[in-house]
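Coordinates as given in run-v7.txt (compact mmCIF, C-alpha atoms):
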# COMPACT_ATOMS: atom_id res chain seq x y z
CA LEU A 1 63.90 84.02 94.68
CA MET A 2 62.07 83.75 91.37
CA ALA A 3 58.94 82.56 93.12
CA GLU A 4 59.06 85.49 95.52
CA GLN A 5 59.21 87.89 92.57
CA ALA A 6 56.58 86.00 90.57
CA ALA A 7 58.97 86.13 87.63
CA LYS A 8 57.80 84.79 84.28
CA ALA A 9 61.30 84.88 82.79
CA ALA A 10 64.91 84.57 83.90
CA ALA A 11 67.78 86.37 82.17
CA ASN A 12 71.12 84.61 82.52
CA ALA A 13 74.31 86.38 81.39
CA GLY A 14 78.07 86.37 81.79
CA LYS A 15 81.23 87.14 79.87
CA SER A 16 82.75 84.73 77.39
CA ALA A 17 83.56 81.31 78.92
CA GLU A 18 81.92 82.13 82.25
CA GLY A 19 79.63 79.08 81.95
CA SER A 20 76.29 80.78 81.38
CA VAL A 21 75.10 78.14 78.89
CA GLN A 22 75.52 75.24 81.33
CA VAL A 23 74.16 77.31 84.21
CA GLY A 24 71.05 78.03 82.18
CA MET A 25 70.51 74.33 81.54
CA ASN A 26 71.14 73.44 85.18
CA PHE A 27 68.72 76.21 86.13
CA GLN A 28 66.10 74.63 83.88
CA LYS A 29 66.67 71.21 85.48
CA MET A 30 66.44 72.69 88.97
CA MET A 31 63.09 74.29 88.19
CA GLU A 32 61.79 71.03 86.74
CA ASN A 33 62.80 69.18 89.91
CA MET A 34 61.05 71.84 92.01
CA LYS A 35 57.93 71.57 89.82
CA TYR A 36 58.20 75.31 89.28
CA ALA A 37 57.99 74.71 85.55
CA ALA A 38 56.56 71.73 83.72
CA ALA A 39 59.34 69.34 82.73
CA GLU A 40 58.10 68.99 79.15
CA ASN A 41 58.06 72.73 78.48
CA ALA A 42 60.68 74.37 80.71
CA ALA A 43 63.34 75.35 78.21
CA VAL A 44 66.43 77.47 77.83
CA PHE A 45 65.90 80.23 75.29
CA GLY A 46 69.23 81.46 73.94
CA THR A 47 69.59 85.12 73.13
CA PRO A 48 69.06 85.59 69.39
CA GLN A 49 71.44 83.86 67.05
CA PRO A 50 73.82 86.04 65.04
CA LYS A 51 72.73 87.52 61.75
CA ILE A 52 74.60 86.66 58.59
CA PHE A 53 76.03 90.20 58.52
CA VAL A 54 77.38 92.51 61.22
CA SER A 55 77.39 96.27 60.85
CA GLU A 56 79.87 97.16 63.62
CA ARG A 57 83.62 96.75 63.20
CA THR A 58 86.54 96.63 65.60
CA PRO A 59 89.21 99.37 65.66
CA GLU A 60 91.28 96.99 63.52
CA GLY A 61 88.54 96.93 60.87
CA ASP A 62 87.31 93.38 61.49
CA LEU A 63 83.68 92.40 61.98
CA ASP A 64 82.85 92.91 65.66
CA LEU A 65 81.25 89.61 66.64
CA GLU A 66 81.19 90.73 70.30
CA SER A 67 78.69 93.51 69.60
CA PRO A 68 74.98 93.05 70.36
CA ALA A 69 74.44 94.62 66.94
CA CYS A 70 75.18 91.20 65.44
CA LEU A 71 72.15 89.66 67.13
CA ASP A 72 68.83 89.11 65.40
CA MET A 73 66.88 91.48 67.65
CA ASP A 74 63.81 91.40 65.42
CA LEU A 75 63.59 87.63 65.89
CA LEU A 76 64.12 87.96 69.64
CA GLY A 77 61.26 90.43 69.99
CA LYS A 78 58.99 88.32 67.83
CA HIS A 79 59.73 85.16 69.81
CA LEU A 80 59.38 86.68 73.28
CA ASN A 81 56.14 88.43 72.36
CA ALA A 82 54.80 85.19 70.91
CA LEU A 83 55.71 83.27 74.09
CA ALA A 84 54.00 85.91 76.21
CA ARG A 85 50.83 85.38 74.15
CA GLY A 86 51.04 81.62 74.67
CA GLU A 87 51.98 80.98 71.06
CA GLU A 88 54.40 78.40 69.71
CA ILE A 89 57.87 79.33 68.44
CA HIS A 90 60.68 77.50 66.64
CA LEU A 91 64.28 78.33 67.52
CA PRO A 92 66.99 78.50 64.83
CA ARG A 93 70.52 77.20 65.28
CA TYR A 94 73.70 79.11 64.51
CA ASN A 95 76.62 77.09 63.16
CA PHE A 96 79.79 78.51 64.72
CA VAL A 97 81.99 76.76 62.17
CA THR A 98 80.23 77.97 59.01
CA ARG A 99 78.83 81.15 60.65
CA VAL A 100 75.45 80.55 59.06
CA GLN A 101 72.05 80.47 60.76
CA SER A 102 70.12 77.30 59.97
CA GLY A 103 66.49 76.35 60.34
CA PRO A 104 64.50 75.53 63.51
CA ILE A 105 65.96 73.05 65.99
CA GLY A 106 64.45 70.51 68.35
CA ARG A 107 60.84 70.53 69.35
CA PRO A 108 58.67 73.66 69.29
CA MET A 109 58.52 75.81 72.43
CA ARG A 110 55.38 77.12 74.04
CA LEU A 111 54.88 78.49 77.57
CA GLY A 112 51.98 77.26 79.64
CA LYS A 113 50.53 78.58 82.86
CA ASP A 114 53.15 79.21 85.59
CA GLU A 115 56.01 78.24 83.28
CA VAL A 116 59.25 80.18 82.97
CA VAL A 117 61.49 80.94 80.03
CA VAL A 118 65.24 81.12 80.69
CA CYS A 119 66.92 83.61 78.34
CA GLU A 120 70.66 82.83 78.22
CA GLY A 121 73.49 84.70 76.52
CA ILE A 122 76.34 87.13 77.08
CA HIS A 123 74.07 90.09 76.26
CA ALA A 124 71.02 88.90 78.21
CA LEU A 125 71.29 91.80 80.71
CA ASN A 126 71.85 94.42 78.01
CA ASP A 127 69.14 97.07 78.19
CA ASP A 128 68.15 96.51 74.56
CA ILE A 129 67.38 92.85 75.33
CA ALA A 130 66.19 93.18 78.92
CA ALA A 131 63.55 95.66 77.72
CA TYR A 132 61.63 92.73 76.25
CA CYS A 133 61.35 91.16 79.74
CA PRO A 134 61.56 94.05 82.23
CA ASP A 135 60.32 91.91 85.14
CA ALA A 136 62.71 89.01 84.53
CA PHE A 137 64.84 87.63 87.34
CA ARG A 138 68.40 88.52 86.30
CA LEU A 139 71.42 86.33 86.97
CA TYR A 140 75.08 87.21 86.31
CA ILE A 141 77.72 84.49 86.18
CA SER A 142 81.41 85.29 86.58
CA ALA A 143 84.48 83.07 86.88
CA ARG A 144 86.38 85.53 89.03
CA SER A 145 88.40 83.41 91.44
CA VAL A 146 92.19 83.35 91.39
CA VAL A 147 94.43 80.58 92.73
CA VAL A 148 96.87 81.61 95.44
CA ASP A 149 99.61 79.73 97.26
CA ASP A 150 99.98 79.28 101.03
CA ASP A 151 101.53 82.74 101.32
CA GLY A 152 98.66 84.41 99.49
CA ASN A 153 100.62 84.97 96.30
CA GLU A 154 98.65 84.73 93.05
CA VAL A 155 99.72 81.71 91.01
CA PHE A 156 96.89 81.50 88.45
CA LYS A 157 94.77 84.42 87.32
CA GLY A 158 91.01 84.29 86.94
CA THR A 159 91.29 85.69 83.42
CA TRP A 160 93.64 82.82 82.56
CA MET A 161 90.97 80.36 83.69
CA ARG A 162 88.48 81.90 81.30
CA LEU A 163 91.02 81.91 78.49
CA LEU A 164 91.66 78.18 79.01
CA ARG A 165 87.93 77.50 78.94
CA ARG A 166 87.56 79.45 75.72
CA LEU A 167 90.59 77.80 74.07
CA VAL A 168 89.37 74.30 74.88
CA ARG A 169 85.73 74.93 73.94
CA ASP A 170 86.61 76.65 70.65
CA SER A 171 88.95 73.82 69.72
CA ASN A 172 86.49 71.09 70.67
CA PHE A 173 83.21 72.49 69.38
CA ARG A 174 83.71 75.57 67.19
CA GLY A 175 86.40 74.52 64.78
CA THR A 176 88.74 77.27 65.97
CA PRO A 177 92.44 76.56 66.61
CA ALA A 178 94.12 78.04 69.66
CA ALA A 179 96.07 80.62 67.67
CA ALA A 180 92.83 82.01 66.21
CA THR A 181 91.17 82.19 69.63
CA LEU A 182 94.18 84.04 71.00
CA ASP A 183 94.04 86.42 68.05
CA MET A 184 90.45 87.41 68.85
CA TRP A 185 90.86 87.49 72.65
CA ALA A 186 91.73 91.19 72.81
CA ASN A 187 88.48 92.07 71.07
CA VAL A 188 86.55 89.67 73.30
CA ARG A 189 87.89 91.50 76.36
CA ARG A 190 87.22 94.88 74.77
CA GLY A 191 83.64 93.82 74.00
CA GLU A 192 83.12 92.69 77.58
CA LYS A 193 84.05 96.11 78.90
CA ARG A 194 81.76 97.87 76.40
CA PHE A 195 78.75 95.58 76.20
CA ILE A 196 78.61 93.31 79.27
CA SER A 197 80.24 94.79 82.38
CA PRO A 198 78.16 98.01 82.31
CA PHE A 199 75.00 95.94 82.79
CA LYS A 200 76.09 93.41 85.41
CA GLU A 201 74.87 95.55 88.29
CA ARG A 202 71.35 95.05 86.91
CA ALA A 203 71.50 91.45 88.16
CA ASN A 204 69.37 90.23 91.05
CA LEU A 205 72.00 87.63 91.82
CA MET A 206 75.70 87.15 90.97
CA PHE A 207 77.81 84.10 91.56
CA ASP A 208 81.29 82.79 90.85
CA SER A 209 81.41 79.83 88.45
CA SER A 210 85.02 78.85 89.25
CA PHE A 211 85.92 75.41 90.61
CA PRO A 212 88.77 74.55 93.01
CA CYS A 213 89.68 71.60 90.77
CA GLU A 214 89.34 73.53 87.52
CA VAL A 215 92.95 74.22 86.59
CA SER A 216 93.95 70.61 87.25
CA ILE A 217 91.17 69.34 84.95
CA MET A 218 91.53 71.94 82.20
CA LYS A 219 95.29 71.35 82.13
CA ASN A 220 94.66 68.02 80.37
CA PHE A 221 93.15 69.81 77.38
CA ALA A 222 94.67 73.31 77.41
CA GLU A 223 98.34 72.48 77.86
CA PRO A 224 98.81 70.71 74.49
CA LEU A 225 96.85 73.48 72.73
CA LEU A 226 99.10 76.16 74.20
CA GLU A 227 102.27 74.23 73.48
CA ALA A 228 101.27 73.99 69.81
CA VAL A 229 100.87 77.76 69.35
CA PRO A 230 103.74 78.98 67.15
CA GLU A 231 106.18 81.57 68.37
CA GLY A 232 105.19 85.04 67.30
CA ALA A 233 101.45 84.34 67.56
CA GLU A 234 99.16 86.86 69.23
CA ARG A 235 99.58 86.87 73.04
CA TYR A 236 102.54 84.48 72.77
CA ALA A 237 104.23 86.20 75.72
CA GLU A 238 101.18 85.47 77.87
CA ILE A 239 101.31 81.82 76.88
CA ARG A 240 104.91 81.74 78.12
CA SER A 241 103.56 82.82 81.52
CA ILE A 242 100.58 80.46 81.58
CA LEU A 243 102.49 77.28 80.77
CA PRO A 244 104.92 77.51 83.73
CA ALA A 245 101.96 78.32 85.98
CA LEU A 246 100.18 75.17 84.77
CA GLU A 247 103.25 73.13 85.69
CA ARG A 248 102.54 73.83 89.36
CA PHE A 249 99.30 71.83 89.19
CA GLU A 250 98.83 68.08 89.20
CA THR A 251 96.33 66.88 86.60
CA ILE A 252 92.99 65.39 87.63
CA ASP A 253 91.32 62.75 85.46
CA PRO A 254 88.35 64.42 83.70
CA ALA A 255 86.44 61.14 84.04
CA LEU A 256 86.02 62.00 87.73
CA LEU A 257 84.03 65.12 86.80
CA ALA A 258 80.26 64.76 87.13
CA PRO A 259 78.36 64.66 83.80
CA GLU A 260 76.25 67.59 85.05
CA SER A 261 79.27 69.74 85.89
CA MET A 262 79.42 73.16 84.29
CA LEU A 263 82.97 72.42 83.10
CA ARG A 264 81.47 69.86 80.73
CA GLU A 265 80.33 72.81 78.60
CA PHE A 266 84.00 73.25 77.64
CA ILE A 267 85.48 69.75 77.66
CA GLY A 268 82.45 67.68 76.55
CA GLY A 269 81.11 64.41 77.90
CA GLY A 270 78.19 66.03 79.71
CA VAL A 271 74.49 65.31 79.81
CA TYR A 272 73.46 68.35 77.75
CA SER A 273 73.54 69.16 74.05
CA TYR A 274 74.47 72.73 73.12

Translate the structure described by the file into structure tokens.
Amino acid sequence: LMAEQAAKAAANAGKSAEGSVQVGMNFQKMMENMKYAAAENAAVFGTPQPKIFVSERTPEGDLDLESPACLDMDLLGKHLNALARGEEIHLPRYNFVTRVQSGPIGRPMRLGKDEVVVCEGIHALNDDIAAYCPDAFRLYISARSVVVDDDGNEVFKGTWMRLLRRLVRDSNFRGTPAAATLDMWANVRRGEKRFISPFKERANLMFDSSFPCEVSIMKNFAEPLLEAVPEGAERYAEIRSILPALERFETIDPALLAPESMLREFIGGGVYSY
């Protein structure tokens, strides 16, 4: 599809915990295997790392980390324009634990002839960002499947799957305990409706990132996190619904999951560094 459109860039977006980071990296690997982009230069370009300050606030008065206003748009424009000119750029890294942007990471990035940049992030389809690459091939990832029983009754919601992904990832890699993730979940969902969903129809392609085995694998990691949340915590009533639903699933050993699997973005042990 990208070849048919002669796209120079690909924009890859999805809501929180949809798997867009891993999809972007798998997309890069696929293009390398197809020789569509040179293996040494095909690279995932994350949407700009957060600034040290955020101007927008939630209705509760907290900093709104879900808003695209917290992104370093000046740096994004500078980098994409430099890549278009064939110049070299250096990407910074944002530390989710300290919430501070650090210096350049990894090797420099430069696009050569017929190479493609993959721009990944929850706001990648937002008009303010997409304007930098109006001809980009746009991909929207969504974990939208629900689990039903033999009678067609819903037994595990798609939104619960995303919440489990977020709980496990935040605990493993972002220094955030489950209670804190649950506390911010309402604003995450509010931000999705304001800043992400309105732009998903801009996508050239949408796909579901859910896995049939997902609940059985995530149960290994999510169940103890949920059980440790103290009574009275934010969304505690929802936890009381999720835990009995998890009991209906047998666990699957995570070691059986392929190292390249998108679920590795949340549980670790994969082939990529984030």

Point-to-point distance in Å for CA of Pro177 in chain A and CA of Ser67 in chain A
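Taking CA of Ser67 in chain A and CA of Pro177 in chain A, their separation equals 22.0 Å.
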
Please indicate the distance in Å from CA of Gly175 in chain A to CA of Gly268 in chain A, rounded to one decimal place.
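Result for CA of Gly175 in chain A versus CA of Gly268 in chain A: 14.2 Å, one decimal.
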
Find the spatial neighbours of Asp253 in chain A, counting only C-alpha atoms, within a cut-off of 10 Å - ignore same-chain residues fewer than 6 positions away - and output them as a ChimeraX atom specification.
/A:216-218,220

Could you give me the axis-aligned bounding box of range 248-257 of chain A, with 6 Å of padding per side, as centre plus edge lengths in Å to one decimal, as AutoDock Vina command-line options?
--center_x 93.3 --center_y 67.5 --center_z 86.5 --size_x 30.5 --size_y 24.7 --size_z 17.7

Residues at most 9 Å from Lys200 in chain A, counting all atoms listed in the file, excluding those fewer than 3 positions away in the same chain, as number ranges by chain?
A: 13-14, 125-126, 139-140, 196-197, 203, 206

Expressed in Å to a single decimal, how great is the separation between CA of His90 in chain A and CA of Gly77 in chain A?
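So the answer is 13.4 Å.
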
Name the closest residue to Asn187 in chain A among the candidates A:Asp135, A:Glu60, A:Glu154, A:Glu227; distances are taken between atoms, counting all atoms listed in the file.
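Result for the nearest residue to Asn187 in chain A: A:Glu60.
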
Which residue of A:Glu88, A:Cys70, A:Phe266, A:Tyr236 approaches Met161 in chain A most closely, using all atoms listed in the file
A:Phe266

Residues near range 243-252 of chain A, cut-off 12 Å, all atoms listed in the file, skip fewer than 6 positions along chain, as a PyMOL selection string
chain A and resi 147-149+154-157+160-161+164+212-229+236-237

Residue with smallest distance to Gly112 in chain A - pool A:Gly269, A:Pro68, A:Gly86, A:Gly152, counting all atoms listed in the file
A:Gly86

Could you give me, as a compact mmCIF listing (two decimals) with C-alpha atoms, in the frame of the given file, the residues within 8 Å of Ile89 in chain A, counting all atoms listed in the file and dropping anything in the same chain fewer than 4 positions from it?
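Dumped to out_26.txt:
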# COMPACT_ATOMS: atom_id res chain seq x y z
CA HIS A 79 59.73 85.16 69.81
CA ALA A 82 54.80 85.19 70.91
CA LEU A 83 55.71 83.27 74.09
CA PRO A 108 58.67 73.66 69.29
CA MET A 109 58.52 75.81 72.43
CA ARG A 110 55.38 77.12 74.04

Point out the residue among A:Lys193, A:Val168, A:Ala233, A:Ala179 with the least atom-to-atom distance to Ile267 in chain A, counting only C-alpha atoms.
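Checking each of A:Lys193, A:Val168, A:Ala233, A:Ala179 against Ile267 in chain A, counting only C-alpha atoms, the winner is A:Val168.
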
Return the single residue from A:Arg85, A:Arg235, A:Arg264, A:Lys78 that is closest to Phe173 in chain A, with distances computed using all atoms listed in the file.
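Residue with the minimum atom-to-atom distance to Phe173 in chain A: A:Arg264.
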